[in-house]
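Everything below concerns the one structure shown next.
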Amino acid sequence: QTYYLGAPDQKFKGTIEKFGYTLLGWSGNKKAKTAGYSANSAVKDAFIKKIHNKFSGKLSLYAVWTPAVIKITFNGNGADTNTFKVQKFKYGNKNQKFTGSISRTGYDFSGWAFNKSAAAGKYKKNANVSNNWIGNVNKLYGTSATLYAIWKPHVITVRYDGNGADVNTFRAQQFTYGVSGQKAEGTISREGYKFLGWALTKNSKEAKYNPNFNT
């Protein structure tokens, strides 16, 4: 790029990327660990004069990179307990993983996702963190992002044994945790007997659930 003494609004123009790294800026030293100039630094007359006098008007600048560090927040998304704290992961480091425990009554943990409403989790509860993952997250979300717990409600199947009934129209039903308005559906009868309800043991003398119990 060429810059002119006295010209207005001059600056470094362009974009640059390196997978897994963050650009600190530019330096005249190829091996520098710190940058002397920001990525899109403004070009002032003083800079132009300096380069003209010291380097005969020509200067090569080198990109200065540092390994990307991403900060991940773990949102429980309805969890009863969540010991996952904010964690930082650095590109190039080894043996990094999600650390913590999480639970929710009536639900199974499906995994973590960047989309709060995802149908299924994409990452395991205590997933290992690869450099490739860090690089991709850094590219998509920058230096910080939030992972949301994705939950699957418990689903149970109930079968109704008439236990000697003459008539039993109750069929196997599935009930989903958290869904309202669910109930046992059907009719049942046995000549000479009064139906008390349902129990979990065949020889029970007392019913634990009403005939058409609500769940």
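Labeling convention for the structure tokens: chains A, B, ... as they appear, residues from 1 per chain, ligands from 1 in order of appearance.
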
For A:Val158, list every protein, DNA or RNA residue within 7 Å, evaluated using only C-alpha atoms, and leave out those in the same chain fewer than 4 positions away; present the list as a JSON list (two decimals) with C-alpha atoms, in the first residue's frame.
[["chain", "number", "residue", "atom", "x", "y", "z"],
["A", 172, "ALA", "CA", -50.36, -49.40, 26.19],
["A", 173, "GLN", "CA", -49.74, -45.66, 26.46],
["A", 174, "GLN", "CA", -46.73, -43.41, 26.45]]

Can I get the residues of stretch 5-82 of chain A within 9 Å of stretch 141-157 of chain A, each with the closest pair of atoms and their distance in Å to one decimal, using only C-alpha atoms, sorted chain first then ascending number, as a Markdown table?
| residue | atom | partner | partner_atom | distance |
| --- | --- | --- | --- | --- |
| A:Ala68 | CA | A:Thr143 | CA | 7.5 |
| A:Val69 | CA | A:Thr143 | CA | 6.3 |
| A:Ile70 | CA | A:Thr143 | CA | 4.5 |
| A:Lys71 | CA | A:Ser144 | CA | 4.5 |
| A:Ile72 | CA | A:Ala145 | CA | 5.2 |
| A:Thr73 | CA | A:Thr146 | CA | 4.7 |
| A:Phe74 | CA | A:Leu147 | CA | 5.0 |
| A:Asn75 | CA | A:Tyr148 | CA | 4.8 |
| A:Gly76 | CA | A:Ala149 | CA | 5.2 |
| A:Asn77 | CA | A:Ala149 | CA | 5.5 |
| A:Gly78 | CA | A:Ala149 | CA | 8.2 |
| A:Ala79 | CA | A:Ala149 | CA | 7.9 |

Next, dump the selected residues to file, keeping only N, CA, C and O atoms, as a PDB file, in the first residue's frame.
ATOM      1  N   ALA A  68      -5.406 -18.234  19.855  1.00  0.00           N
ATOM      2  CA  ALA A  68      -6.758 -17.821  20.247  1.00  0.00           C
ATOM      3  C   ALA A  68      -7.124 -18.401  21.612  1.00  0.00           C
ATOM      4  O   ALA A  68      -6.815 -19.560  21.924  1.00  0.00           O
ATOM      5  N   VAL A  69      -7.776 -17.600  22.425  1.00  0.00           N
ATOM      6  CA  VAL A  69      -8.329 -18.039  23.710  1.00  0.00           C
ATOM      7  C   VAL A  69      -9.827 -17.747  23.665  1.00  0.00           C
ATOM      8  O   VAL A  69     -10.238 -16.602  23.440  1.00  0.00           O
ATOM      9  N   ILE A  70     -10.636 -18.790  23.861  1.00  0.00           N
ATOM     10  CA  ILE A  70     -12.082 -18.596  23.850  1.00  0.00           C
ATOM     11  C   ILE A  70     -12.652 -18.843  25.244  1.00  0.00           C
ATOM     12  O   ILE A  70     -12.186 -19.728  25.967  1.00  0.00           O
ATOM     13  N   LYS A  71     -13.628 -18.053  25.610  1.00  0.00           N
ATOM     14  CA  LYS A  71     -14.299 -18.180  26.909  1.00  0.00           C
ATOM     15  C   LYS A  71     -15.683 -18.768  26.665  1.00  0.00           C
ATOM     16  O   LYS A  71     -16.486 -18.209  25.929  1.00  0.00           O
ATOM     17  N   ILE A  72     -15.953 -19.911  27.302  1.00  0.00           N
ATOM     18  CA  ILE A  72     -17.227 -20.602  27.111  1.00  0.00           C
ATOM     19  C   ILE A  72     -18.064 -20.546  28.389  1.00  0.00           C
ATOM     20  O   ILE A  72     -17.597 -20.927  29.465  1.00  0.00           O
ATOM     21  N   THR A  73     -19.288 -20.061  28.260  1.00  0.00           N
ATOM     22  CA  THR A  73     -20.255 -20.065  29.361  1.00  0.00           C
ATOM     23  C   THR A  73     -21.221 -21.224  29.141  1.00  0.00           C
ATOM     24  O   THR A  73     -21.725 -21.423  28.040  1.00  0.00           O
ATOM     25  N   PHE A  74     -21.471 -21.989  30.207  1.00  0.00           N
ATOM     26  CA  PHE A  74     -22.348 -23.161  30.121  1.00  0.00           C
ATOM     27  C   PHE A  74     -23.697 -22.828  30.763  1.00  0.00           C
ATOM     28  O   PHE A  74     -23.814 -22.768  31.992  1.00  0.00           O
ATOM     29  N   ASN A  75     -24.699 -22.597  29.928  1.00  0.00           N
ATOM     30  CA  ASN A  75     -26.040 -22.238  30.400  1.00  0.00           C
ATOM     31  C   ASN A  75     -26.837 -23.517  30.654  1.00  0.00           C
ATOM     32  O   ASN A  75     -27.039 -24.326  29.746  1.00  0.00           O
ATOM     33  N   GLY A  76     -27.330 -23.690  31.891  1.00  0.00           N
ATOM     34  CA  GLY A  76     -28.054 -24.906  32.264  1.00  0.00           C
ATOM     35  C   GLY A  76     -29.381 -25.074  31.564  1.00  0.00           C
ATOM     36  O   GLY A  76     -29.910 -26.182  31.481  1.00  0.00           O
ATOM     37  N   ASN A  77     -29.965 -23.984  31.070  1.00  0.00           N
ATOM     38  CA  ASN A  77     -31.188 -24.054  30.265  1.00  0.00           C
ATOM     39  C   ASN A  77     -32.297 -24.847  30.975  1.00  0.00           C
ATOM     40  O   ASN A  77     -32.901 -25.747  30.397  1.00  0.00           O
ATOM     41  N   GLY A  78     -32.534 -24.490  32.241  1.00  0.00           N
ATOM     42  CA  GLY A  78     -33.584 -25.165  33.007  1.00  0.00           C
ATOM     43  C   GLY A  78     -33.074 -26.216  33.980  1.00  0.00           C
ATOM     44  O   GLY A  78     -33.870 -26.874  34.660  1.00  0.00           O
ATOM     45  N   ALA A  79     -31.769 -26.378  34.081  1.00  0.00           N
ATOM     46  CA  ALA A  79     -31.189 -27.395  34.961  1.00  0.00           C
ATOM     47  C   ALA A  79     -31.519 -27.129  36.424  1.00  0.00           C
ATOM     48  O   ALA A  79     -31.656 -25.978  36.853  1.00  0.00           O
TER      49      ALA A  79
END

Non-local contacts of A:Ala199 (8 Å; only C-alpha atoms; under 5 positions in same chain excluded) as a ChimeraX atom specification: /A:204,206-209

Which of A:Ala63, A:Val129, A:Ala119, A:Leu5 sits closest to A:Phe98 [using only C-alpha atoms]: A:Val129

Interatomic distance, atom CA of A:Val64 to atom CA of A:Val137 (Å, one decimal): 20.7 Å
